[in-house]
$ cat model-v7.csv   # CSV, C-alpha atoms
chain,number,residue,atom,x,y,z
A,212,MET,CA,103.7,108.8,116.8
A,213,HIS,CA,101.1,109.0,119.5
A,214,SER,CA,103.2,107.7,122.4
A,215,ALA,CA,100.3,107.0,124.9
A,216,ALA,CA,98.3,105.0,122.4
A,217,ARG,CA,101.4,103.1,121.2
A,218,LYS,CA,102.3,102.2,124.8
A,219,HIS,CA,98.8,101.0,125.5
A,220,PHE,CA,98.6,98.9,122.4
A,221,ASN,CA,102.0,97.3,122.8
A,222,SER,CA,101.3,96.5,126.5
A,223,GLN,CA,98.2,94.5,125.7
A,224,PHE,CA,99.4,92.9,122.5
A,225,THR,CA,99.6,89.1,122.3
A,226,SER,CA,100.3,86.7,119.5
A,227,GLU,CA,96.9,85.1,120.1
A,228,LYS,CA,95.2,88.5,119.4
A,229,TYR,CA,97.2,88.9,116.3
A,230,GLU,CA,96.2,85.4,115.1
A,231,ALA,CA,92.5,86.2,115.9
A,232,PHE,CA,92.9,89.4,113.9
A,233,LYS,CA,94.1,87.6,110.8
A,234,GLU,CA,91.4,85.0,111.2
A,235,TYR,CA,88.7,87.7,111.4
A,236,VAL,CA,89.9,89.3,108.2
A,237,ALA,CA,90.1,85.9,106.4
A,238,LYS,CA,86.7,84.7,107.6
A,239,SER,CA,85.0,88.0,106.8
A,240,ALA,CA,86.2,87.9,103.2
A,241,ASN,CA,86.1,84.1,103.0
A,242,TYR,CA,89.6,84.5,101.6
A,243,ALA,CA,93.0,85.0,103.2
A,244,PRO,CA,95.0,87.9,101.8
A,245,THR,CA,98.2,87.0,100.0
A,246,PHE,CA,100.2,89.8,101.6
A,247,ARG,CA,101.3,90.2,105.2
A,248,LEU,CA,99.1,92.0,107.7
A,249,GLY,CA,100.9,94.2,110.2
A,250,GLU,CA,100.5,93.5,113.9
A,251,THR,CA,99.4,97.0,114.6
A,252,PRO,CA,97.7,100.1,113.3
A,253,ILE,CA,99.5,103.4,113.3
A,254,PHE,CA,98.4,105.9,115.9
A,255,VAL,CA,98.8,109.3,114.3
A,256,PRO,CA,98.9,112.3,116.6
A,257,SER,CA,97.1,115.5,115.7
A,258,SER,CA,100.3,117.4,114.8
A,259,LEU,CA,101.2,114.9,112.1
A,260,ARG,CA,97.6,114.6,111.0
A,261,ASP,CA,97.5,118.4,110.4
A,262,GLN,CA,100.7,118.2,108.3
A,263,LEU,CA,99.3,115.4,106.2
A,264,LEU,CA,96.1,117.4,105.6
A,265,GLU,CA,98.1,120.5,104.7
A,266,ALA,CA,100.3,118.5,102.3
A,267,CYS,CA,97.2,117.0,100.6
A,268,GLU,CA,95.8,120.5,100.1
A,269,GLU,CA,99.0,121.9,98.6
A,270,ILE,CA,99.3,118.9,96.2
A,271,THR,CA,95.6,119.2,95.3
A,272,ASP,CA,96.1,122.8,94.3
A,273,VAL,CA,98.4,121.6,91.5
A,274,LEU,CA,95.9,119.1,90.3
A,275,CYS,CA,93.1,121.7,90.3
A,276,GLN,CA,95.0,124.2,88.1
A,277,PRO,CA,92.8,125.0,85.0
A,278,ASN,CA,95.8,124.0,82.8
A,279,PHE,CA,96.6,120.7,84.5
A,280,LYS,CA,95.4,118.7,81.5
A,281,GLU,CA,97.8,120.7,79.3
A,282,LEU,CA,100.6,120.2,81.8
A,283,SER,CA,100.0,116.5,81.8
A,284,LYS,CA,99.3,115.8,78.2
A,285,ASP,CA,102.7,114.2,77.6
A,286,ALA,CA,101.9,111.6,80.3
A,287,ILE,CA,99.4,109.8,77.9
A,288,LEU,CA,101.3,107.1,76.1
A,289,LYS,CA,101.0,106.8,72.3
A,290,GLY,CA,98.5,104.1,71.5
A,291,GLN,CA,96.9,104.4,74.9
A,292,VAL,CA,94.4,107.2,74.2
A,293,VAL,CA,91.0,106.2,75.6
A,294,PRO,CA,87.8,107.9,74.5
A,295,ASN,CA,85.4,109.8,76.8
A,296,GLU,CA,87.9,111.3,79.3
A,297,ASP,CA,86.1,113.2,82.1
A,298,ASP,CA,87.0,116.5,83.7
A,299,HIS,CA,89.0,115.0,86.7
A,300,THR,CA,89.9,111.8,88.3
A,301,ILE,CA,87.4,110.1,90.7
A,302,PHE,CA,90.0,108.3,92.8
A,303,LEU,CA,93.1,110.0,94.2
A,304,GLN,CA,95.8,108.8,96.5
A,305,MET,CA,98.9,110.4,98.0
A,306,ASP,CA,101.7,108.4,99.5
A,307,PHE,CA,103.8,109.9,102.3
A,308,GLY,CA,106.9,108.5,104.0
A,309,ILE,CA,107.0,109.6,107.6
A,310,CYS,CA,110.4,111.2,108.2
A,311,LYS,CA,112.3,113.4,110.7
A,312,ASP,CA,112.7,117.1,110.0
A,313,LYS,CA,115.8,119.1,110.7
A,314,ASP,CA,114.6,119.8,114.3
A,315,GLY,CA,113.9,116.2,115.0
A,316,GLY,CA,110.1,116.4,114.6
A,317,LEU,CA,108.1,114.4,112.2
A,318,ILE,CA,107.2,115.5,108.7
A,319,PRO,CA,105.5,113.7,105.8
A,320,GLN,CA,107.3,113.5,102.5
A,321,LEU,CA,105.5,112.7,99.3
A,322,ILE,CA,106.5,109.5,97.6
A,323,GLU,CA,103.9,109.2,94.9
A,324,VAL,CA,100.5,110.5,93.8
A,325,GLN,CA,98.1,108.3,92.0
A,326,GLY,CA,94.9,108.9,90.0
A,327,PHE,CA,93.8,105.3,90.3
A,328,PRO,CA,91.8,103.1,92.7
A,329,SER,CA,93.6,101.6,95.7
A,330,LEU,CA,92.4,99.2,98.4
A,331,TYR,CA,89.4,101.3,99.4
A,332,PHE,CA,87.2,98.4,100.4
A,333,PHE,CA,89.8,96.2,102.0
A,334,GLN,CA,90.9,99.1,104.3
A,335,GLU,CA,87.4,99.2,105.8
A,336,LEU,CA,87.7,95.5,106.6
A,337,LEU,CA,91.2,95.9,108.0
A,338,THR,CA,90.1,98.7,110.3
A,339,GLU,CA,87.2,96.6,111.6
A,340,GLY,CA,89.6,93.7,112.1
A,341,TYR,CA,91.9,95.8,114.4
A,342,ARG,CA,88.9,97.1,116.4
A,343,GLU,CA,87.4,93.6,116.7
A,344,SER,CA,90.6,92.0,117.8
A,345,PHE,CA,92.5,94.6,119.9
A,346,ASP,CA,91.7,97.2,122.5
A,347,ILE,CA,91.8,100.4,120.5
A,348,PRO,CA,91.7,103.6,122.6
A,349,ASP,CA,88.8,106.0,122.0
A,350,GLY,CA,89.4,109.2,120.1
A,351,PHE,CA,91.0,107.6,117.0
A,352,THR,CA,89.6,107.1,113.5
A,353,SER,CA,90.8,106.0,110.1
A,354,TYR,CA,88.1,108.1,108.4
A,355,PHE,CA,87.8,111.8,107.7
A,356,GLY,CA,85.0,114.4,107.5
A,357,GLY,CA,82.9,112.7,110.2
A,358,LEU,CA,82.5,109.5,108.3
A,359,ASP,CA,82.1,106.1,109.9
A,360,SER,CA,82.2,102.6,108.3
A,361,ASP,CA,78.7,102.8,107.0
A,362,SER,CA,78.8,106.3,105.5
A,363,TYR,CA,82.2,105.6,104.0
A,364,ILE,CA,80.9,102.6,102.1
A,365,GLU,CA,77.8,104.6,101.0
A,366,ILE,CA,80.1,107.2,99.4
A,367,LEU,CA,81.8,104.5,97.5
A,368,ARG,CA,78.5,103.0,96.4
A,369,LYS,CA,77.2,106.4,95.3
A,370,ASN,CA,80.3,107.2,93.2
A,371,ILE,CA,80.8,103.7,91.7
A,372,VAL,CA,77.3,102.3,91.3
A,373,GLY,CA,75.2,105.4,91.5
A,374,SER,CA,71.8,105.1,89.8
A,375,SER,CA,72.8,101.9,87.9
A,376,GLN,CA,71.8,98.4,88.8
A,377,LYS,CA,74.8,96.7,90.5
A,378,GLU,CA,75.0,93.9,87.9
A,379,ASN,CA,75.6,96.6,85.2
A,380,VAL,CA,78.7,97.9,87.0
A,381,ILE,CA,81.9,95.8,86.9
A,382,LEU,CA,85.4,95.9,88.4
A,383,LEU,CA,87.8,95.3,85.6
A,384,GLU,CA,91.1,93.5,86.0
A,385,VAL,CA,93.6,91.2,84.3
A,386,GLU,CA,93.2,87.7,85.7
A,387,PRO,CA,91.8,89.0,89.0
A,388,GLU,CA,92.1,85.6,90.7
A,389,LYS,CA,95.9,85.9,90.4
A,390,GLN,CA,96.2,89.5,91.8
A,391,ASN,CA,97.6,90.2,95.3
A,392,THR,CA,94.8,92.8,95.5
A,393,ARG,CA,92.1,90.1,95.0
A,394,ILE,CA,90.9,90.5,98.6
A,395,ASP,CA,89.9,94.1,97.8
A,396,PHE,CA,87.8,92.9,94.8
A,397,ILE,CA,86.1,90.4,97.1
A,398,CYS,CA,85.3,93.1,99.6
A,399,ALA,CA,83.9,95.4,96.9
A,400,GLU,CA,81.5,92.7,95.8
A,401,GLN,CA,80.5,92.0,99.4
A,402,LYS,CA,79.9,95.7,100.2
A,403,ILE,CA,78.4,97.1,97.0
A,404,GLY,CA,77.6,94.1,94.8
A,405,VAL,CA,80.1,95.0,92.0
A,406,LYS,CA,81.2,91.8,90.2
A,407,THR,CA,84.9,91.5,89.2
A,408,ILE,CA,85.5,90.6,85.5
A,409,CYS,CA,88.7,89.7,83.7
A,410,ILE,CA,89.3,91.8,80.7
A,411,SER,CA,89.4,88.6,78.6
A,412,LYS,CA,85.8,87.9,79.5
A,413,LEU,CA,84.4,91.3,78.4
A,414,LYS,CA,82.6,91.2,75.1
A,415,LYS,CA,81.5,93.8,72.6
A,416,GLU,CA,78.7,94.2,70.0
A,417,GLY,CA,79.3,97.4,68.2
A,418,LYS,CA,79.9,99.9,70.9
A,419,ASP,CA,77.9,98.0,73.5
A,420,VAL,CA,79.8,96.0,76.2
A,421,TYR,CA,78.6,93.0,78.1
A,422,TYR,CA,79.7,89.9,80.0
A,423,LEU,CA,78.1,86.5,80.5
A,424,ASP,CA,76.8,85.6,84.0
A,425,ASP,CA,77.1,82.2,85.5
A,426,ASN,CA,74.1,81.0,83.5
A,427,GLY,CA,75.4,82.3,80.2
A,428,LYS,CA,73.1,85.3,80.1
A,429,LYS,CA,74.3,88.5,78.5
A,430,ILE,CA,74.6,91.3,81.1
A,431,GLY,CA,75.2,94.8,79.7
A,432,VAL,CA,77.9,96.9,81.2
A,433,GLU,CA,77.2,100.6,81.9
A,434,LYS,CA,80.1,101.4,84.2
A,435,ILE,CA,83.6,100.1,84.6
A,436,LEU,CA,85.6,100.5,87.8
A,437,ASN,CA,89.0,100.2,86.2
A,438,ARG,CA,91.7,98.3,88.1
A,439,VAL,CA,93.9,97.3,85.1
A,440,ILE,CA,97.5,98.3,85.4
A,441,PHE,CA,98.6,99.3,81.9
A,442,ASP,CA,102.2,98.0,82.0
A,443,GLU,CA,100.8,94.6,83.0
A,444,LEU,CA,98.2,94.6,80.3
A,445,MET,CA,100.8,95.6,77.6
A,446,ASN,CA,103.0,92.7,78.6
A,447,ARG,CA,100.1,90.2,78.1
A,448,GLU,CA,100.1,89.7,74.4
A,449,ASP,CA,98.9,86.1,75.1
A,450,LEU,CA,95.7,87.4,76.6
A,451,LYS,CA,92.9,87.0,74.0
A,452,ARG,CA,90.2,89.7,74.3
A,453,ASP,CA,87.5,91.5,72.4
A,454,PHE,CA,87.6,94.7,74.5
A,455,TYR,CA,90.3,97.3,73.9
A,456,PHE,CA,90.6,100.6,75.8
A,457,SER,CA,91.3,102.7,72.7
A,458,GLN,CA,88.0,101.7,71.0
A,459,GLU,CA,84.8,103.7,71.4
A,460,ALA,CA,82.4,102.0,73.9
A,461,ASN,CA,79.1,102.9,75.5
A,462,VAL,CA,80.5,102.7,79.0
A,463,GLU,CA,81.2,105.2,81.8
A,464,TRP,CA,84.6,104.9,83.3
A,465,ILE,CA,84.6,105.1,87.1
A,466,GLY,CA,88.2,106.2,87.1
A,467,HIS,CA,89.0,107.0,83.5
A,468,PRO,CA,92.2,105.3,82.4
A,469,HIS,CA,94.0,108.5,81.4
A,470,TRP,CA,94.2,109.6,85.1
A,471,PHE,CA,96.5,106.6,85.8
A,472,PHE,CA,99.0,108.4,83.6
A,473,ARG,CA,98.2,112.1,84.2
A,474,ILE,CA,98.3,111.8,88.0
A,475,SER,CA,101.4,109.7,88.6
A,476,LYS,CA,105.1,110.1,89.0
A,477,HIS,CA,104.7,112.4,86.0
A,478,THR,CA,103.1,114.9,88.4
A,479,LEU,CA,105.9,115.1,91.0
A,480,PRO,CA,108.1,117.6,89.2
A,481,LEU,CA,105.1,120.0,89.1
A,482,ILE,CA,104.7,120.1,92.8
A,483,LYS,CA,106.6,122.7,94.8
A,484,SER,CA,106.0,122.1,98.5
A,485,LYS,CA,108.1,121.4,101.6
A,486,TYR,CA,106.2,118.1,101.7
A,487,ASN,CA,107.5,117.1,98.2
A,488,PRO,CA,111.2,116.1,97.7
A,489,GLU,CA,112.8,117.7,94.7
A,490,SER,CA,111.8,115.8,91.5
A,491,ILE,CA,113.3,116.2,88.0
A,492,PHE,CA,112.4,114.8,84.6
A,493,LEU,CA,115.4,112.9,83.5
A,494,LYS,CA,114.9,114.3,80.0
A,495,ASP,CA,115.4,117.8,81.3
A,496,ILE,CA,119.0,117.3,82.5
A,497,ASP,CA,122.2,116.4,80.6
A,498,ARG,CA,124.2,115.3,83.6
A,499,ALA,CA,123.2,113.8,86.9
A,500,PRO,CA,123.4,116.0,90.0
A,501,LEU,CA,126.8,115.9,91.7
A,502,ASP,CA,125.3,114.3,94.8
A,503,ILE,CA,123.6,111.6,92.7
A,504,GLU,CA,123.8,109.2,95.7
A,505,ASN,CA,121.0,111.4,97.3
A,506,TYR,CA,118.6,110.6,94.5
A,507,VAL,CA,116.4,107.7,93.4
A,508,LEU,CA,115.7,106.9,89.8
A,509,LYS,CA,112.0,106.0,89.1
A,510,PRO,CA,110.3,104.9,85.9
A,511,LEU,CA,107.2,107.0,85.3
A,512,TYR,CA,104.8,104.1,84.6
A,513,SER,CA,105.9,101.2,86.8
A,514,PHE,CA,103.8,99.9,89.7
A,515,ALA,CA,104.6,98.6,93.2
A,516,GLY,CA,108.2,99.8,93.1
A,517,SER,CA,109.2,97.9,89.9
A,518,GLY,CA,112.2,99.4,88.2
A,519,VAL,CA,113.2,101.8,90.9
A,520,ILE,CA,117.0,102.2,91.5
A,521,ILE,CA,117.9,103.3,95.0
A,522,ASN,CA,121.7,103.1,95.0
A,523,LEU,CA,122.3,105.2,91.9
A,524,ASN,CA,125.3,106.2,89.9
A,525,GLN,CA,126.1,108.0,86.6
A,526,TYR,CA,126.3,104.7,84.7
A,527,ASP,CA,122.7,103.9,85.6
A,528,ILE,CA,121.7,107.3,84.1
A,529,ASP,CA,123.7,106.8,81.0
A,530,ALA,CA,122.1,103.4,80.4
A,531,ILE,CA,118.6,104.9,80.1
A,532,LYS,CA,117.6,105.2,76.5
A,533,ASP,CA,114.0,106.5,77.0
A,534,ARG,CA,114.8,109.3,79.3
A,535,GLU,CA,111.4,110.9,78.9
A,536,ASN,CA,109.9,107.9,80.9
A,537,TYR,CA,112.0,108.5,84.1
A,538,ILE,CA,112.3,111.0,86.9
A,539,LEU,CA,115.0,111.6,89.5
A,540,GLN,CA,113.6,112.2,93.0
A,541,ARG,CA,115.6,113.2,96.0
A,542,LYS,CA,115.8,110.4,98.6
A,543,VAL,CA,113.9,110.6,101.8
A,544,GLU,CA,114.9,108.8,104.9
A,545,TYR,CA,112.0,107.1,106.6
A,546,ALA,CA,112.2,107.5,110.3
A,547,PRO,CA,111.9,104.4,112.5
A,548,VAL,CA,109.0,105.9,114.6
A,549,ILE,CA,106.8,102.9,115.3
A,550,GLN,CA,108.0,101.2,118.5
A,551,THR,CA,107.7,97.4,118.4
A,552,PRO,CA,108.8,94.6,120.7
A,553,SER,CA,111.9,94.2,118.4
A,554,GLU,CA,113.4,97.0,116.3
A,555,PRO,CA,111.4,100.1,115.5
A,556,ALA,CA,109.4,100.1,112.2
A,557,LYS,CA,109.2,102.8,109.5
A,558,CYS,CA,105.9,103.7,107.9
A,559,GLU,CA,104.2,105.1,104.8
A,560,ILE,CA,100.7,106.5,104.9
A,561,ARG,CA,98.5,106.7,101.8
A,562,MET,CA,95.7,109.2,102.0
A,563,LEU,CA,92.7,107.8,100.1
A,564,MET,CA,90.5,110.5,98.4
A,565,ILE,CA,87.5,110.7,96.2
A,566,TRP,CA,86.7,113.4,93.8
A,567,GLU,CA,83.0,113.4,93.2
A,568,LYS,CA,81.6,114.5,89.8
A,569,GLY,CA,81.0,118.2,89.8
A,570,ALA,CA,82.9,118.8,92.9
A,571,ALA,CA,85.6,121.6,92.9
A,572,ARG,CA,88.1,119.5,94.8
A,573,PRO,CA,88.6,115.9,96.1
A,574,ARG,CA,88.0,115.0,99.7
A,575,ILE,CA,90.0,112.7,102.0
A,576,ILE,CA,87.9,109.8,103.2
A,577,ASN,CA,90.2,107.1,104.5
A,578,ASN,CA,93.8,106.0,104.5
A,579,LEU,CA,96.1,103.0,104.0
A,580,ALA,CA,99.4,102.4,105.9
A,581,ARG,CA,102.4,100.1,105.4
A,582,LEU,CA,105.0,99.2,108.0
A,583,SER,CA,108.6,98.3,107.1
A,584,LYS,CA,111.9,97.4,108.7
A,585,GLY,CA,113.7,97.0,105.3
A,586,GLU,CA,115.3,99.4,102.9
A,587,MET,CA,112.0,100.0,101.1
A,588,ILE,CA,108.3,99.5,101.7
A,589,GLY,CA,107.1,96.2,100.3
A,590,VAL,CA,107.0,92.4,101.0
A,591,LYS,CA,110.3,91.6,99.3
A,592,TYR,CA,112.2,94.0,101.5
A,593,ASN,CA,110.8,92.7,104.7
A,594,LYS,CA,111.2,89.0,104.6
A,595,ASN,CA,111.5,87.2,107.9
A,596,LYS,CA,110.6,90.4,109.9
A,597,ASP,CA,107.7,91.0,112.2
A,598,TRP,CA,105.5,94.0,112.8
A,599,VAL,CA,105.6,94.9,109.1
A,600,GLY,CA,103.1,94.8,106.3
A,601,ALA,CA,99.6,96.2,105.5
A,602,SER,CA,98.1,98.5,108.1
A,603,VAL,CA,95.9,101.5,108.6
A,604,GLY,CA,96.4,104.9,110.3
A,605,LEU,CA,94.2,105.7,113.2
A,606,PHE,CA,94.2,109.4,113.4
A,607,GLU,CA,93.7,111.4,116.6
A,608,LYS,CA,90.3,113.2,116.4

$ encode --input "model-v7.csv" --output "structure tokens"
Amino acid sequence: MHSAARKHFNSQFTSEKYEAFKEYVAKSANYAPTFRLGETPIFVPSSLRDQLLEACEEITDVLCQPNFKELSKDAILKGQVVPNEDDHTIFLQMDFGICKDKDGGLIPQLIEVQGFPSLYFFQELLTEGYRESFDIPDGFTSYFGGLDSDSYIEILRKNIVGSSQKENVILLEVEPEKQNTRIDFICAEQKIGVKTICISKLKKEGKDVYYLDDNGKKIGVEKILNRVIFDELMNREDLKRDFYFSQEANVEWIGHPHWFFRISKHTLPLIKSKYNPESIFLKDIDRAPLDIENYVLKPLYSFAGSGVIINLNQYDIDAIKDRENYILQRKVEYAPVIQTPSEPAKCEIRMLMIWEKGAARPRIINNLARLSKGEMIGVKYNKNKDWVGASVGLFEK
């Protein structure tokens, strides 16, 4: 990564500053995140920045094909058809593992692409926390296209709330108070006034949708910022509710649910790029590749790494009954490129994009990063390790 910025940051790091950083984040949200915050941002040099931008453009070309809806029609699960699908997703993310190329340089490798909201609001707070608590060198930014913190939040406000009154726009989740992403919901309400509602609290009268405020007053819902993960919802048969995605409703989806399926692991086999490891639909092959140890098996619709098999063999393949719901993806080896006081850390960078209504293409506006010293990215693979967890990329301008 950017060696001068890394050396400067590490030289002035103290555990007291790190504690102050975590306290800043918790106090700002009036809530402490339930996941680990990394000790450091990632300082991304211009060379890697340019590769990430090129990779995003090449992947976007696939999503912008006129026949993309036809190519992705099989991604929509039976029984999960939601009315009023729009022309394209509003939220788009691309996850890249940072790896070494054959010449020893850095290269991003696509891990996943998502047509679903991520931690757009929390990342703004996290960036401000790093800047408030540490000495961050000039010439680095987490934002793109000349944005700063204020203009970034304004873009989110425009695309989520728009011309509606904020009380008529909700963020929808399943038991949001129990989600690890709760801090992002809190930040969304702080920044743009969007209230978070559990799907069990949403009511319907005919096609009209509403919720009850703290005083029991009916508040009509015009727009829904959807954060419901479908595999979680489908497993909650105990959850009593009046609102079902498959029913007609007088609401505008800010992030239509279909894009969760269309732009997902289902998209990976369609992308031909040096930045995308070979990906194959399991249903399209009879036998696993001879070098099966170099592949990862991924369920199409899981979330946060659930169901992924890293150390794979033919028996794992043979045990899969619903082969249409899996892909094989060639393994990538994350490079330990972040120098820390102990062992080097690996990293993954998620490019956060927004595709405004009527726009020909999405635009990159921010990013999310995660640090790891384990076999995979994620809390359960990094127990009892330091300099790992949630972070942000600060890109060389």

$ residues_near_point --input "model-v7.csv" --point "(84.8, 95.1, 88.9)" --cutoff "10 Å" --atoms "only C-alpha atoms" --output "VMD selection string"
chain A and resid 371 378 380 to 384 387 396 to 397 399 to 400 404 to 410 434 to 438

$ closest_residue --input "model-v7.csv" --among "A:Pro510, A:Gly569, A:Gly316, A:Gly308" --to "Lys542 of chain A" --atoms "all atoms listed in the file"
A:Gly308

$ closest_atom_pairs --input "model-v7.csv" --of "segment 284-336 of chain A" --to "segment 484-494 of chain A" --cutoff "8 Å" --atoms "all atoms listed in the file" --output "CSV"
residue,atom,partner,partner_atom,distance
A:Ile318,CA,A:Tyr486,CA,7.5
A:Pro319,CA,A:Tyr486,CA,6.1
A:Gln320,CA,A:Tyr486,CA,4.8
A:Leu321,CA,A:Asn487,CA,5.0
A:Ile322,CA,A:Asn487,CA,7.7

$ closest_residue --input "model-v7.csv" --among "A:Gly600, A:Gly431, A:Gly326, A:Pro468" --to "Leu274 of chain A" --atoms "all atoms listed in the file"
A:Gly326

$ residues_around --input "model-v7.csv" --residues "Asp395 of chain A" --least-positions-apart "4" --cutoff "7 Å" --atoms "all atoms listed in the file" --output "PyMOL selection string"
chain A and resi 330+332-333+399

$ closest_residue --input "model-v7.csv" --among "A:Gln525, A:Val420, A:Thr245, A:Lys608" --to "Gln390 of chain A" --atoms "only C-alpha atoms"
A:Thr245

$ atom_distance --input "model-v7.csv" --atom1 "atom CA of Gln291 of chain A" --atom2 "atom CA of Thr392 of chain A"
23.7 Å

$ residues_around --input "model-v7.csv" --residues "Met564 of chain A" --least-positions-apart "2" --cutoff "6 Å" --atoms "all atoms listed in the file" --output "ChimeraX atom specification"
/A:303-304,574-576

$ write_last_selection --input "model-v7.csv" --atoms "C-alpha atoms" --output "short mmCIF file (atom, residue, chain, number, x, y, z; two decimals), keeping the file's coordinate frame"
data_model
loop_
_atom_site.label_atom_id
_atom_site.label_comp_id
_atom_site.auth_asym_id
_atom_site.auth_seq_id
_atom_site.Cartn_x
_atom_site.Cartn_y
_atom_site.Cartn_z
CA LEU A 303 93.10 110.00 94.20
CA GLN A 304 95.80 108.80 96.50
CA ARG A 574 88.00 115.00 99.70
CA ILE A 575 90.00 112.70 102.00
CA ILE A 576 87.90 109.80 103.20
#

$ residues_around --input "model-v7.csv" --residues "Tyr421 of chain A" --least-positions-apart "6" --cutoff "9 Å" --atoms "all atoms listed in the file" --output "list in words"
Asn379, Lys412, Leu413, Lys414, Lys415, Lys429, Ile430, Gly431, Val432 and Glu433 of chain A

$ residues_around --input "model-v7.csv" --residues "Pro547 of chain A" --least-positions-apart "5" --cutoff "7 Å" --atoms "only C-alpha atoms" --output "list in words"
Pro555, Ala556 and Lys557 of chain A

$ residues_near_point --input "model-v7.csv" --point "(114.8, 112.4, 92.3)" --cutoff "12 Å" --atoms "only C-alpha atoms" --output "ChimeraX atom specification"
/A:321-323,476-477,479-480,487-493,496,499-500,502-511,519-523,528,537-543

$ atom_distance --input "model-v7.csv" --atom1 "atom CA of Lys584 of chain A" --atom2 "atom CA of Gly350 of chain A"
27.8 Å

$ closest_residue --input "model-v7.csv" --among "A:Arg260, A:Arg247, A:Lys451, A:Lys568" --to "Lys594 of chain A" --atoms "all atoms listed in the file"
A:Arg247

$ closest_residue --input "model-v7.csv" --among "A:Gly604, A:Gly585, A:Gly518, A:Gly373" --to "Glu567 of chain A" --atoms "only C-alpha atoms"
A:Gly373

$ closest_residue --input "model-v7.csv" --among "A:Asn577, A:Asp497, A:Thr225, A:Lys369" --to "Gly357 of chain A" --atoms "only C-alpha atoms"
A:Asn577

$ atom_distance --input "model-v7.csv" --atom1 "atom CA of Trp470 of chain A" --atom2 "atom CA of Asp442 of chain A"
14.4 Å

$ closest_atom_pairs --input "model-v7.csv" --of "segment 477-572 of chain A" --to "segment 334-347 of chain A" --cutoff "12 Å" --atoms "all atoms listed in the file" --output "CSV"
residue,atom,partner,partner_atom,distance
A:Arg561,CA,A:Gln334,CA,11.0
A:Met562,CA,A:Gln334,CA,11.4
A:Leu563,CA,A:Gln334,CA,9.8

$ residues_around --input "model-v7.csv" --residues "Phe224 of chain A" --least-positions-apart "2" --cutoff "12 Å" --atoms "all atoms listed in the file" --output "PyMOL selection string"
chain A and resi 217-222+226-232+250-252+341+344-347+551-552+598
